[in-house]
file my_file-v4.cif (mmCIF, C-alpha atoms)
data_data
#
loop_
_atom_site.group_PDB
_atom_site.id
_atom_site.type_symbol
_atom_site.label_atom_id
_atom_site.label_comp_id
_atom_site.auth_asym_id
_atom_site.auth_seq_id
_atom_site.Cartn_x
_atom_site.Cartn_y
_atom_site.Cartn_z
ATOM 1 C CA MET R 198 -4.211 -5.617 -31.214
ATOM 2 C CA ASP R 199 -7.556 -5.888 -29.452
ATOM 3 C CA ILE R 200 -7.504 -3.767 -26.260
ATOM 4 C CA LYS R 201 -9.954 -6.125 -24.589
ATOM 5 C CA ALA R 202 -7.677 -9.090 -25.341
ATOM 6 C CA LEU R 203 -4.725 -7.222 -23.819
ATOM 7 C CA ARG R 204 -6.802 -6.380 -20.743
ATOM 8 C CA TYR R 205 -7.805 -10.033 -20.331
ATOM 9 C CA PHE R 206 -4.203 -11.165 -20.766
ATOM 10 C CA VAL R 207 -2.883 -8.708 -18.161
ATOM 11 C CA GLU R 208 -5.578 -9.686 -15.670
ATOM 12 C CA LEU R 209 -4.831 -13.383 -16.179
ATOM 13 C CA VAL R 210 -1.117 -12.852 -15.518
ATOM 14 C CA ASN R 211 -1.834 -10.665 -12.484
ATOM 15 C CA GLN R 212 -4.248 -13.185 -10.984
ATOM 16 C CA GLN R 213 -2.186 -16.258 -11.954
ATOM 17 C CA SER R 214 -5.454 -18.145 -12.303
ATOM 18 C CA PHE R 215 -8.081 -18.475 -15.039
ATOM 19 C CA THR R 216 -10.741 -18.831 -12.336
ATOM 20 C CA ARG R 217 -9.791 -15.668 -10.452
ATOM 21 C CA ALA R 218 -9.302 -13.729 -13.697
ATOM 22 C CA SER R 219 -12.769 -14.707 -14.924
ATOM 23 C CA GLU R 220 -14.246 -13.575 -11.598
ATOM 24 C CA GLN R 221 -12.493 -10.216 -11.810
ATOM 25 C CA LEU R 222 -13.462 -9.682 -15.453
ATOM 26 C CA TYR R 223 -17.005 -11.085 -15.113
ATOM 27 C CA VAL R 224 -16.518 -13.350 -18.122
ATOM 28 C CA THR R 225 -16.227 -17.102 -18.560
ATOM 29 C CA GLN R 226 -12.907 -18.940 -18.589
ATOM 30 C CA PRO R 227 -13.428 -20.075 -22.221
ATOM 31 C CA THR R 228 -13.809 -16.415 -23.192
ATOM 32 C CA ILE R 229 -10.428 -15.624 -21.662
ATOM 33 C CA SER R 230 -8.850 -18.663 -23.340
ATOM 34 C CA LYS R 231 -10.278 -17.551 -26.694
ATOM 35 C CA MET R 232 -8.817 -14.056 -26.259
ATOM 36 C CA ILE R 233 -5.397 -15.464 -25.354
ATOM 37 C CA ARG R 234 -5.415 -17.753 -28.403
ATOM 38 C CA SER R 235 -6.342 -14.757 -30.570
ATOM 39 C CA LEU R 236 -3.366 -12.830 -29.214
ATOM 40 C CA GLU R 237 -1.045 -15.787 -29.761
ATOM 41 C CA LEU R 238 -2.195 -16.093 -33.381
ATOM 42 C CA GLU R 239 -1.574 -12.399 -33.926
ATOM 43 C CA VAL R 240 1.855 -12.541 -32.294
ATOM 44 C CA GLY R 241 2.700 -15.761 -34.099
ATOM 45 C CA GLN R 242 4.009 -17.619 -31.065
ATOM 46 C CA PRO R 243 2.819 -18.854 -27.656
ATOM 47 C CA LEU R 244 2.496 -16.359 -24.822
ATOM 48 C CA LEU R 245 2.132 -18.948 -22.063
ATOM 49 C CA HIS R 246 3.844 -22.165 -21.093
ATOM 50 C CA ARG R 247 1.105 -24.522 -19.881
ATOM 51 C CA GLU R 248 1.419 -27.521 -17.579
ATOM 52 C CA GLY R 249 -1.934 -28.778 -16.349
ATOM 53 C CA ARG R 250 -3.561 -25.857 -14.564
ATOM 54 C CA ARG R 251 -0.219 -24.110 -14.105
ATOM 55 C CA PHE R 252 1.103 -21.576 -16.576
ATOM 56 C CA TRP R 253 3.906 -19.051 -16.883
ATOM 57 C CA LEU R 254 5.001 -16.499 -19.433
ATOM 58 C CA THR R 255 7.116 -17.276 -22.462
ATOM 59 C CA GLU R 256 9.689 -14.700 -23.597
ATOM 60 C CA ALA R 257 7.110 -13.338 -26.048
ATOM 61 C CA GLY R 258 4.554 -13.338 -23.244
ATOM 62 C CA GLU R 259 6.840 -11.225 -21.051
ATOM 63 C CA ILE R 260 7.167 -8.632 -23.813
ATOM 64 C CA VAL R 261 3.439 -8.536 -24.564
ATOM 65 C CA TYR R 262 2.606 -8.321 -20.848
ATOM 66 C CA GLN R 263 4.955 -5.390 -20.172
ATOM 67 C CA ARG R 264 3.762 -3.442 -23.221
ATOM 68 C CA ALA R 265 0.118 -4.251 -22.495
ATOM 69 C CA VAL R 266 0.463 -2.838 -18.968
ATOM 70 C CA GLU R 267 1.864 0.377 -20.459
ATOM 71 C CA ILE R 268 -0.889 0.588 -23.090
ATOM 72 C CA LEU R 269 -3.643 0.099 -20.522
ATOM 73 C CA ALA R 270 -2.042 2.703 -18.241
ATOM 74 C CA HIS R 271 -1.998 5.183 -21.136
ATOM 75 C CA LEU R 272 -5.665 4.486 -21.832
ATOM 76 C CA THR R 273 -6.529 5.067 -18.190
ATOM 77 C CA GLN R 274 -4.579 8.320 -18.305
ATOM 78 C CA LEU R 275 -6.441 9.397 -21.466
ATOM 79 C CA LYS R 276 -9.797 8.777 -19.803
ATOM 80 C CA ALA R 277 -8.682 10.741 -16.727
ATOM 81 C CA GLU R 278 -7.637 13.734 -18.836
ATOM 82 C CA LEU R 279 -10.973 13.778 -20.673
ATOM 83 C CA ILE R 280 -12.946 13.558 -17.447
ATOM 84 C CA ASP R 281 -11.037 16.600 -16.179
ATOM 85 C CA LEU R 282 -12.716 18.696 -18.879
ATOM 86 C CA ASN R 283 -15.818 18.651 -16.698
ATOM 87 C CA GLN R 284 -13.945 20.528 -13.932
ATOM 88 C CA LEU R 285 -14.618 17.953 -11.242
ATOM 89 C CA GLN R 286 -18.332 17.815 -11.894
ATOM 90 C CA ARG R 287 -17.683 14.110 -12.138
ATOM 91 C CA GLY R 288 -14.647 11.885 -11.970
ATOM 92 C CA GLN R 289 -12.842 9.400 -9.777
ATOM 93 C CA LEU R 290 -10.154 9.572 -7.119
ATOM 94 C CA ARG R 291 -8.334 6.357 -6.233
ATOM 95 C CA LEU R 292 -6.764 7.047 -2.843
ATOM 96 C CA GLY R 293 -4.371 4.665 -1.093
ATOM 97 C CA ILE R 294 -4.203 4.732 2.724
ATOM 98 C CA PRO R 295 -2.785 2.010 5.015
ATOM 99 C CA PRO R 296 -5.317 0.709 7.570
ATOM 100 C CA MET R 297 -3.683 2.438 10.557
ATOM 101 C CA VAL R 298 -3.461 5.841 8.817
ATOM 102 C CA GLY R 299 -7.028 6.475 7.686
ATOM 103 C CA HIS R 300 -8.462 7.779 10.977
ATOM 104 C CA LEU R 301 -5.798 10.514 11.124
ATOM 105 C CA TYR R 302 -6.980 12.091 7.884
ATOM 106 C CA ALA R 303 -10.725 11.541 8.132
ATOM 107 C CA GLY R 304 -11.050 15.338 8.306
ATOM 108 C CA ILE R 305 -9.373 15.845 4.923
ATOM 109 C CA ILE R 306 -11.508 13.086 3.410
ATOM 110 C CA ARG R 307 -14.627 14.815 4.761
ATOM 111 C CA GLN R 308 -13.474 18.169 3.333
ATOM 112 C CA TYR R 309 -12.869 16.581 -0.052
ATOM 113 C CA ARG R 310 -16.308 14.967 -0.121
ATOM 114 C CA GLN R 311 -17.961 18.276 0.822
ATOM 115 C CA ALA R 312 -16.037 20.232 -1.830
ATOM 116 C CA TYR R 313 -16.428 17.667 -4.635
ATOM 117 C CA PRO R 314 -19.574 15.623 -3.943
ATOM 118 C CA ASN R 315 -19.767 14.317 -7.508
ATOM 119 C CA VAL R 316 -16.289 12.784 -7.453
ATOM 120 C CA GLU R 317 -16.364 9.076 -6.695
ATOM 121 C CA MET R 318 -13.675 8.323 -4.130
ATOM 122 C CA THR R 319 -12.295 4.802 -3.857
ATOM 123 C CA ILE R 320 -10.119 4.213 -0.794
ATOM 124 C CA VAL R 321 -7.648 1.348 -1.125
ATOM 125 C CA GLU R 322 -6.188 0.037 2.131
ATOM 126 C CA TYR R 323 -2.765 -1.431 1.384
ATOM 127 C CA GLY R 324 0.486 -1.533 3.308
ATOM 128 C CA GLY R 325 3.039 1.162 2.440
ATOM 129 C CA ARG R 326 5.198 -0.975 0.160
ATOM 130 C CA LYS R 327 2.217 -2.168 -1.871
ATOM 131 C CA ILE R 328 0.854 1.379 -2.027
ATOM 132 C CA GLU R 329 4.102 2.676 -3.540
ATOM 133 C CA GLN R 330 3.984 -0.053 -6.183
ATOM 134 C CA ALA R 331 0.325 0.674 -6.902
ATOM 135 C CA ILE R 332 1.209 4.345 -7.533
ATOM 136 C CA LEU R 333 4.012 3.321 -9.888
ATOM 137 C CA ASN R 334 1.716 0.878 -11.717
ATOM 138 C CA GLY R 335 -1.016 3.480 -12.133
ATOM 139 C CA GLU R 336 -3.494 1.480 -10.029
ATOM 140 C CA ILE R 337 -4.130 4.406 -7.658
ATOM 141 C CA ASP R 338 -3.788 8.157 -8.160
ATOM 142 C CA VAL R 339 -2.446 9.436 -4.857
ATOM 143 C CA ALA R 340 -1.766 8.043 -1.387
ATOM 144 C CA VAL R 341 -0.939 8.915 2.197
ATOM 145 C CA THR R 342 1.622 6.543 3.645
ATOM 146 C CA MET R 343 4.882 6.030 5.483
ATOM 147 C CA LEU R 344 7.458 6.243 2.723
ATOM 148 C CA SER R 345 10.049 3.470 2.535
ATOM 149 C CA PRO R 346 13.750 4.428 2.809
ATOM 150 C CA HIS R 347 14.276 3.037 -0.698
ATOM 151 C CA ALA R 348 11.293 4.641 -2.406
ATOM 152 C CA GLU R 349 11.501 5.161 -6.159
ATOM 153 C CA GLN R 350 12.936 8.489 -7.295
ATOM 154 C CA ASN R 351 9.969 9.248 -9.546
ATOM 155 C CA LEU R 352 7.568 9.549 -6.610
ATOM 156 C CA ASN R 353 6.625 13.074 -5.586
ATOM 157 C CA THR R 354 6.131 13.525 -1.841
ATOM 158 C CA LEU R 355 4.563 16.032 0.536
ATOM 159 C CA VAL R 356 5.309 15.390 4.217
ATOM 160 C CA LEU R 357 2.206 15.799 6.418
ATOM 161 C CA ASP R 358 3.114 14.558 9.903
ATOM 162 C CA SER R 359 5.804 12.799 11.895
ATOM 163 C CA TYR R 360 5.219 10.709 15.017
ATOM 164 C CA PRO R 361 7.535 8.558 17.177
ATOM 165 C CA ILE R 362 7.133 4.791 17.268
ATOM 166 C CA TYR R 363 6.704 3.270 20.746
ATOM 167 C CA ALA R 364 7.273 -0.238 22.052
ATOM 168 C CA VAL R 365 4.087 -1.932 23.285
ATOM 169 C CA LEU R 366 4.839 -4.469 26.049
ATOM 170 C CA PRO R 367 2.937 -6.700 28.489
ATOM 171 C CA ASN R 368 2.067 -5.045 31.800
ATOM 172 C CA VAL R 369 4.417 -7.307 33.775
ATOM 173 C CA SER R 370 7.893 -7.205 35.314
ATOM 174 C CA PRO R 371 10.601 -6.377 34.355
ATOM 175 C CA TRP R 372 8.967 -3.984 31.878
ATOM 176 C CA LYS R 373 6.995 -2.205 34.624
ATOM 177 C CA GLU R 374 10.203 -0.939 36.167
ATOM 178 C CA MET R 375 11.642 0.368 32.873
ATOM 179 C CA VAL R 376 10.618 3.896 31.977
ATOM 180 C CA LYS R 377 12.633 3.927 28.753
ATOM 181 C CA MET R 378 13.484 1.091 26.434
ATOM 182 C CA THR R 379 16.452 0.238 24.238
ATOM 183 C CA TRP R 380 16.478 -2.210 21.374
ATOM 184 C CA ASP R 381 19.142 -4.335 23.048
ATOM 185 C CA LYS R 382 16.767 -5.107 25.932
ATOM 186 C CA LEU R 383 14.328 -6.600 23.425
ATOM 187 C CA ARG R 384 16.727 -8.868 21.556
ATOM 188 C CA ASN R 385 15.388 -12.028 23.219
ATOM 189 C CA GLU R 386 11.704 -11.092 23.011
ATOM 190 C CA PRO R 387 9.265 -12.382 20.387
ATOM 191 C CA PHE R 388 8.407 -9.595 17.944
ATOM 192 C CA TYR R 389 4.876 -9.036 16.636
ATOM 193 C CA LEU R 390 5.180 -7.079 13.390
ATOM 194 C CA TYR R 391 3.044 -5.895 10.546
ATOM 195 C CA THR R 392 3.095 -7.970 7.374
ATOM 196 C CA LYS R 393 5.947 -7.472 4.928
ATOM 197 C CA GLU R 394 3.971 -5.040 2.773
ATOM 198 C CA PHE R 395 4.160 -2.456 5.585
ATOM 199 C CA ASN R 396 7.216 -0.172 5.551
ATOM 200 C CA LEU R 397 7.216 0.057 9.344
ATOM 201 C CA SER R 398 8.181 -3.617 9.565
ATOM 202 C CA ASP R 399 11.232 -2.971 7.363
ATOM 203 C CA CYS R 400 12.243 -0.045 9.579
ATOM 204 C CA VAL R 401 12.011 -2.144 12.752
ATOM 205 C CA GLN R 402 14.034 -4.996 11.272
ATOM 206 C CA SER R 403 16.674 -2.644 9.852
ATOM 207 C CA LEU R 404 17.128 -0.903 13.192
ATOM 208 C CA CYS R 405 17.508 -4.252 14.957
ATOM 209 C CA GLN R 406 20.223 -5.204 12.460
ATOM 210 C CA GLN R 407 21.976 -1.909 13.182
ATOM 211 C CA GLN R 408 21.860 -2.765 16.881
ATOM 212 C CA GLY R 409 23.557 -6.093 16.204
ATOM 213 C CA PHE R 410 20.784 -8.678 16.299
ATOM 214 C CA THR R 411 18.090 -10.290 14.178
ATOM 215 C CA PRO R 412 14.636 -10.089 15.793
ATOM 216 C CA GLN R 413 12.656 -13.235 16.579
ATOM 217 C CA ILE R 414 9.487 -12.632 14.577
ATOM 218 C CA ALA R 415 6.756 -14.648 16.258
ATOM 219 C CA ALA R 416 3.784 -13.361 14.253
ATOM 220 C CA ARG R 417 2.784 -10.883 11.538
ATOM 221 C CA SER R 418 -0.562 -9.229 10.918
ATOM 222 C CA SER R 419 -2.010 -6.327 8.968
ATOM 223 C CA GLN R 420 -4.244 -5.466 11.951
ATOM 224 C CA TRP R 421 -2.667 -3.373 14.679
ATOM 225 C CA ASP R 422 -5.301 -4.301 17.278
ATOM 226 C CA PHE R 423 -4.494 -7.997 16.793
ATOM 227 C CA LEU R 424 -0.807 -7.267 17.449
ATOM 228 C CA VAL R 425 -1.798 -5.523 20.682
ATOM 229 C CA ALA R 426 -3.922 -8.535 21.657
ATOM 230 C CA LEU R 427 -0.872 -10.774 21.225
ATOM 231 C CA VAL R 428 1.136 -8.526 23.540
ATOM 232 C CA LYS R 429 -1.668 -8.651 26.141
ATOM 233 C CA SER R 430 -1.272 -12.439 26.228
ATOM 234 C CA GLY R 431 1.783 -11.785 28.422
ATOM 235 C CA VAL R 432 4.855 -12.093 26.223
ATOM 236 C CA GLY R 433 6.401 -10.316 23.247
ATOM 237 C CA VAL R 434 6.555 -6.777 21.899
ATOM 238 C CA ALA R 435 4.802 -4.814 19.168
ATOM 239 C CA PHE R 436 5.565 -1.370 17.756
ATOM 240 C CA LEU R 437 2.945 1.290 17.149
ATOM 241 C CA PRO R 438 3.000 4.979 16.220
ATOM 242 C CA GLU R 439 2.045 7.499 18.880
ATOM 243 C CA PRO R 440 -1.534 8.180 17.628
ATOM 244 C CA LEU R 441 -2.445 4.500 17.950
ATOM 245 C CA CYS R 442 -0.733 4.229 21.321
ATOM 246 C CA GLN R 443 -3.002 6.991 22.618
ATOM 247 C CA ARG R 444 -5.963 4.760 21.789
ATOM 248 C CA ILE R 445 -4.724 1.767 23.827
ATOM 249 C CA GLN R 446 -3.340 3.412 26.967
ATOM 250 C CA SER R 447 -6.015 1.852 29.162
ATOM 251 C CA GLU R 448 -5.913 -1.606 27.620
ATOM 252 C CA GLY R 449 -3.563 -3.336 30.045
ATOM 253 C CA VAL R 450 -0.316 -2.880 28.134
ATOM 254 C CA LEU R 451 2.769 -0.757 28.693
ATOM 255 C CA ILE R 452 3.796 1.890 26.185
ATOM 256 C CA ARG R 453 7.450 2.807 26.257
ATOM 257 C CA PRO R 454 9.590 5.187 24.196
ATOM 258 C CA ILE R 455 12.440 3.324 22.567
ATOM 259 C CA THR R 456 15.969 4.493 21.774
ATOM 260 C CA PRO R 457 17.096 4.915 19.013
ATOM 261 C CA THR R 458 13.676 6.020 17.875
ATOM 262 C CA ILE R 459 11.875 5.392 14.593
ATOM 263 C CA ASP R 460 9.947 8.291 13.101
ATOM 264 C CA TRP R 461 6.594 7.479 11.500
ATOM 265 C CA ARG R 462 6.732 10.100 8.738
ATOM 266 C CA LEU R 463 3.496 10.261 6.804
ATOM 267 C CA SER R 464 3.566 11.743 3.321
ATOM 268 C CA VAL R 465 1.270 12.290 0.399
ATOM 269 C CA ILE R 466 2.792 10.519 -2.609
ATOM 270 C CA TRP R 467 1.996 10.564 -6.317
ATOM 271 C CA HIS R 468 3.756 9.679 -9.571
ATOM 272 C CA GLY R 469 6.181 12.409 -10.588
ATOM 273 C CA GLU R 470 6.399 11.513 -14.273
ATOM 274 C CA ARG R 471 2.766 10.922 -15.181
ATOM 275 C CA TYR R 472 -0.254 13.116 -15.679
ATOM 276 C CA VAL R 473 -1.846 13.965 -12.326
ATOM 277 C CA SER R 474 -5.636 14.004 -12.609
ATOM 278 C CA ARG R 475 -7.550 17.054 -11.491
ATOM 279 C CA THR R 476 -9.220 14.955 -8.807
ATOM 280 C CA ALA R 477 -5.784 14.015 -7.426
ATOM 281 C CA GLU R 478 -4.571 17.618 -7.675
ATOM 282 C CA ALA R 479 -7.562 18.695 -5.593
ATOM 283 C CA TRP R 480 -6.605 16.147 -2.923
ATOM 284 C CA ILE R 481 -2.990 17.341 -2.922
ATOM 285 C CA GLU R 482 -4.164 20.964 -2.583
ATOM 286 C CA LEU R 483 -6.214 20.068 0.510
ATOM 287 C CA CYS R 484 -3.203 18.277 1.986
ATOM 288 C CA GLU R 485 -1.046 21.359 1.348
ATOM 289 C CA GLN R 486 -3.589 23.460 3.235
ATOM 290 C CA TYR R 487 -3.497 20.938 6.087
ATOM 291 C CA GLN R 488 0.293 21.072 6.159
ATOM 292 C CA THR R 489 0.487 24.874 6.293
ATOM 293 C CA SER R 490 -2.111 24.998 9.077
ATOM 294 C CA ARG R 491 -0.117 22.677 11.349
#
call {"tool": "encode", "arguments": {"input": "my_file-v4.cif", "output": "structure tokens"}}
result
Amino acid sequence: MDIKALRYFVELVNQQSFTRASEQLYVTQPTISKMIRSLELEVGQPLLHREGRRFWLTEAGEIVYQRAVEILAHLTQLKAELIDLNQLQRGQLRLGIPPMVGHLYAGIIRQYRQAYPNVEMTIVEYGGRKIEQAILNGEIDVAVTMLSPHAEQNLNTLVLDSYPIYAVLPNVSPWKEMVKMTWDKLRNEPFYLYTKEFNLSDCVQSLCQQQGFTPQIAARSSQWDFLVALVKSGVGVAFLPEPLCQRIQSEGVLIRPITPTIDWRLSVIWHGERYVSRTAEAWIELCEQYQTSR
């Protein structure tokens, strides 16, 4: 089978749109359609059910898609192994870091750039759940994130830091008089959480369930500063790790420890059953040095 045709097919399925796929691949929509028809002729049956502009995979399409993803991942791995022969004189590192984590490890990023100036580093800012999936899919090489409680077994991890999560509340009564907070006191408050791709949101919701209530989720965002702005409007609660709380102490909100606490455990993660590129190994080595120096 034509590798390019498989790549076009996978991108089309991932994007769920001929228009978006053509934009990502920098080709015309008729070119993609021609490649798909070529694959269907080779397979001997349709790969897509079509209904107007909508489409979905046939049973044959599901099989071809899954195998194509594996084939393309193997090709990417092959290229990575060959690049390693140059001993990091060139290469790529695809690093996943959630938006609220990056500033904590700017020092390691700077060290990496100084040590390996010819390595092209691409930083992908996803939420923790999406980062884990991107590692499993081979879309990124290594990441620093809060690991989910139900993370896949084939992820290798290296714990870097652990911070408590604090409740962020409006600077009004009755919160002013409360030095410590419990989850039960928040059961009737609107919750401002990260989007569902962030593992911290899962942890907050799970702990609320353990405390016997379902939180009232008033808003979600991937931007922590927007969540703080919602709290400053005078009602509701957000939850931020200690390093971010230190940055907003003078912004007219209250920061309170909450019991039981949630630990924001940040780990380096990478695929445990795939080849680890030399560029990723170099990142892991720097993180190990950081860990031992703590």
call {"tool": "atom_distance", "arguments": {"input": "my_file-v4.cif", "atom1": "atom CA of Val428 of chain R", "atom2": "atom CA of Pro387 of chain R"}}
result
9.5 Å
call {"tool": "atom_distance", "arguments": {"input": "my_file-v4.cif", "atom1": "atom CA of Leu424 of chain R", "atom2": "atom CA of Ser345 of chain R"}}
result
21.3 Å
call {"tool": "residues_near_point", "arguments": {"input": "my_file-v4.cif", "point": "(-3.3, 2.2, 24.3)", "cutoff": "9 Å", "atoms": "all atoms listed in the file", "output": "list in words"}}
result
Val365, Val425, Leu441, Cys442, Gln443, Arg444, Ile445, Gln446, Ser447, Glu448, Gly449, Val450, Leu451 and Ile452 of chain R
call {"tool": "resolve_selection", "arguments": {"input": "my_file-v4.cif", "expression": "the PyMOL selection byres ((chain R and resi 270) around 12)", "output": "PyMOL selection string"}}
result
chain R and resi 200+203-204+207+263-269+271-277+331-338+471-472
call {"tool": "closest_residue", "arguments": {"input": "my_file-v4.cif", "among": "R:Met198, R:Ala257, R:Val224, R:Gln212", "to": "Gly241 of chain R", "atoms": "all atoms listed in the file"}}
result
R:Ala257
call {"tool": "closest_residue", "arguments": {"input": "my_file-v4.cif", "among": "R:Leu279, R:Val339, R:Leu285, R:Ile362", "to": "Val473 of chain R", "atoms": "only C-alpha atoms"}}
result
R:Val339
call {"tool": "resolve_selection", "arguments": {"input": "my_file-v4.cif", "expression": "the PyMOL selection byres ((chain R and resi 395-402) around 8)", "output": "list in words"}}
result
Gly324, Gly325, Arg326, Lys327, Met343, Leu344, Ser345, Leu390, Tyr391, Thr392, Lys393, Glu394, Ser403, Leu404, Cys405, Gln406, Thr411, Pro412, Ile459 and Trp461 of chain R
call {"tool": "resolve_selection", "arguments": {"input": "my_file-v4.cif", "expression": "the PyMOL selection byres ((chain R and resi 342) around 7)", "output": "PDB file with C-alpha atoms, keeping the file's coordinate frame"}}
result
ATOM      1  CA  ILE R 294      -4.203   4.732   2.724  1.00  0.00           C
ATOM      2  CA  PRO R 295      -2.785   2.010   5.015  1.00  0.00           C
ATOM      3  CA  GLY R 325       3.039   1.162   2.440  1.00  0.00           C
ATOM      4  CA  ALA R 340      -1.766   8.043  -1.387  1.00  0.00           C
ATOM      5  CA  VAL R 341      -0.939   8.915   2.197  1.00  0.00           C
ATOM      6  CA  MET R 343       4.882   6.030   5.483  1.00  0.00           C
ATOM      7  CA  LEU R 344       7.458   6.243   2.723  1.00  0.00           C
ATOM      8  CA  LEU R 463       3.496  10.261   6.804  1.00  0.00           C
ATOM      9  CA  SER R 464       3.566  11.743   3.321  1.00  0.00           C
ATOM     10  CA  VAL R 465       1.270  12.290   0.399  1.00  0.00           C
TER      11      VAL R 465
END
call {"tool": "closest_residue", "arguments": {"input": "my_file-v4.cif", "among": "R:Tyr389, R:Met378, R:Ile466, R:Ile260", "to": "Glu329 of chain R", "atoms": "all atoms listed in the file"}}
result
R:Ile466
call {"tool": "closest_residue", "arguments": {"input": "my_file-v4.cif", "among": "R:Phe206, R:Phe436, R:Trp480, R:Tyr309", "to": "Trp253 of chain R", "atoms": "all atoms listed in the file"}}
result
R:Phe206
call {"tool": "residues_near_point", "arguments": {"input": "my_file-v4.cif", "point": "(-0.1, 22.1, 5.3)", "cutoff": "12 Å", "atoms": "all atoms listed in the file", "output": "JSON list (two decimals) with C-alpha atoms, in the frame of the given file"}}
result
[["chain", "number", "residue", "atom", "x", "y", "z"],
["R", 305, "ILE", "CA", -9.37, 15.84, 4.92],
["R", 355, "LEU", "CA", 4.56, 16.03, 0.54],
["R", 356, "VAL", "CA", 5.31, 15.39, 4.22],
["R", 357, "LEU", "CA", 2.21, 15.80, 6.42],
["R", 358, "ASP", "CA", 3.11, 14.56, 9.90],
["R", 464, "SER", "CA", 3.57, 11.74, 3.32],
["R", 465, "VAL", "CA", 1.27, 12.29, 0.40],
["R", 481, "ILE", "CA", -2.99, 17.34, -2.92],
["R", 482, "GLU", "CA", -4.16, 20.96, -2.58],
["R", 483, "LEU", "CA", -6.21, 20.07, 0.51],
["R", 484, "CYS", "CA", -3.20, 18.28, 1.99],
["R", 485, "GLU", "CA", -1.05, 21.36, 1.35],
["R", 486, "GLN", "CA", -3.59, 23.46, 3.24],
["R", 487, "TYR", "CA", -3.50, 20.94, 6.09],
["R", 488, "GLN", "CA", 0.29, 21.07, 6.16],
["R", 489, "THR", "CA", 0.49, 24.87, 6.29],
["R", 490, "SER", "CA", -2.11, 25.00, 9.08],
["R", 491, "ARG", "CA", -0.12, 22.68, 11.35]]
call {"tool": "closest_residue", "arguments": {"input": "my_file-v4.cif", "among": "R:Gln350, R:Arg417, R:Glu278, R:Val321", "to": "Gly293 of chain R", "atoms": "only C-alpha atoms"}}
result
R:Val321
call {"tool": "atom_distance", "arguments": {"input": "my_file-v4.cif", "atom1": "atom CA of Met318 of chain R", "atom2": "atom CA of Arg287 of chain R"}}
result
10.7 Å
call {"tool": "closest_residue", "arguments": {"input": "my_file-v4.cif", "among": "R:Arg310, R:Arg384, R:Arg217, R:Lys373", "to": "Phe410 of chain R", "atoms": "all atoms listed in the file"}}
result
R:Arg384
call {"tool": "axis_aligned_box", "arguments": {"input": "my_file-v4.cif", "around": "segment 398-414 of chain R", "padding_each_side": "6 Å", "output": "JSON"}}
result
{"center_x": 15.9, "center_y": -6.6, "center_z": 12.1, "size_x": 27.4, "size_y": 25.2, "size_z": 21.5}
call {"tool": "residues_around", "arguments": {"input": "my_file-v4.cif", "residues": "Val369 of chain R", "least_positions_apart": "2", "cutoff": "9 Å", "atoms": "all atoms listed in the file", "output": "ChimeraX atom specification"}}
result
/R:366-367,371-374,431-432,450-451
call {"tool": "write_last_selection", "arguments": {"input": "my_file-v4.cif", "atoms": "C-alpha atoms", "output": "PDB file, in the frame of the given file"}}
result
ATOM      1  CA  LEU R 366       4.839  -4.469  26.049  1.00  0.00           C
ATOM      2  CA  PRO R 367       2.937  -6.700  28.489  1.00  0.00           C
ATOM      3  CA  PRO R 371      10.601  -6.377  34.355  1.00  0.00           C
ATOM      4  CA  TRP R 372       8.967  -3.984  31.878  1.00  0.00           C
ATOM      5  CA  LYS R 373       6.995  -2.205  34.624  1.00  0.00           C
ATOM      6  CA  GLU R 374      10.203  -0.939  36.167  1.00  0.00           C
ATOM      7  CA  GLY R 431       1.783 -11.785  28.422  1.00  0.00           C
ATOM      8  CA  VAL R 432       4.855 -12.093  26.223  1.00  0.00           C
ATOM      9  CA  VAL R 450      -0.316  -2.880  28.134  1.00  0.00           C
ATOM     10  CA  LEU R 451       2.769  -0.757  28.693  1.00  0.00           C
TER      11      LEU R 451
END
call {"tool": "build_atoms", "arguments": {"input": "my_file-v4.cif", "residues": "segment 314-322 of chain R", "atoms": "N, CA and C atoms", "output": "PDB file, in the frame of the given file"}}
result
ATOM      1  N   PRO R 314     -18.640  16.724  -4.227  1.00  0.00           N
ATOM      2  CA  PRO R 314     -19.574  15.623  -3.943  1.00  0.00           C
ATOM      3  C   PRO R 314     -19.821  14.695  -5.123  1.00  0.00           C
ATOM      4  N   ASN R 315     -19.515  15.156  -6.338  1.00  0.00           N
ATOM      5  CA  ASN R 315     -19.767  14.317  -7.508  1.00  0.00           C
ATOM      6  C   ASN R 315     -18.564  13.462  -7.903  1.00  0.00           C
ATOM      7  N   VAL R 316     -17.467  13.615  -7.185  1.00  0.00           N
ATOM      8  CA  VAL R 316     -16.289  12.784  -7.453  1.00  0.00           C
ATOM      9  C   VAL R 316     -16.424  11.485  -6.661  1.00  0.00           C
ATOM     10  N   GLU R 317     -16.295  10.380  -7.352  1.00  0.00           N
ATOM     11  CA  GLU R 317     -16.364   9.076  -6.695  1.00  0.00           C
ATOM     12  C   GLU R 317     -14.997   8.735  -6.113  1.00  0.00           C
ATOM     13  N   MET R 318     -14.941   8.624  -4.807  1.00  0.00           N
ATOM     14  CA  MET R 318     -13.675   8.323  -4.130  1.00  0.00           C
ATOM     15  C   MET R 318     -13.607   6.843  -3.773  1.00  0.00           C
ATOM     16  N   THR R 319     -12.556   6.190  -4.219  1.00  0.00           N
ATOM     17  CA  THR R 319     -12.295   4.802  -3.857  1.00  0.00           C
ATOM     18  C   THR R 319     -11.068   4.768  -2.962  1.00  0.00           C
ATOM     19  N   ILE R 320     -11.229   4.285  -1.749  1.00  0.00           N
ATOM     20  CA  ILE R 320     -10.119   4.213  -0.794  1.00  0.00           C
ATOM     21  C   ILE R 320      -9.589   2.786  -0.777  1.00  0.00           C
ATOM     22  N   VAL R 321      -8.307   2.652  -1.076  1.00  0.00           N
ATOM     23  CA  VAL R 321      -7.648   1.348  -1.125  1.00  0.00           C
ATOM     24  C   VAL R 321      -6.738   1.231   0.090  1.00  0.00           C
ATOM     25  N   GLU R 322      -6.968   0.217   0.909  1.00  0.00           N
ATOM     26  CA  GLU R 322      -6.188   0.037   2.131  1.00  0.00           C
ATOM     27  C   GLU R 322      -5.110  -1.025   1.917  1.00  0.00           C
TER      28      GLU R 322
END
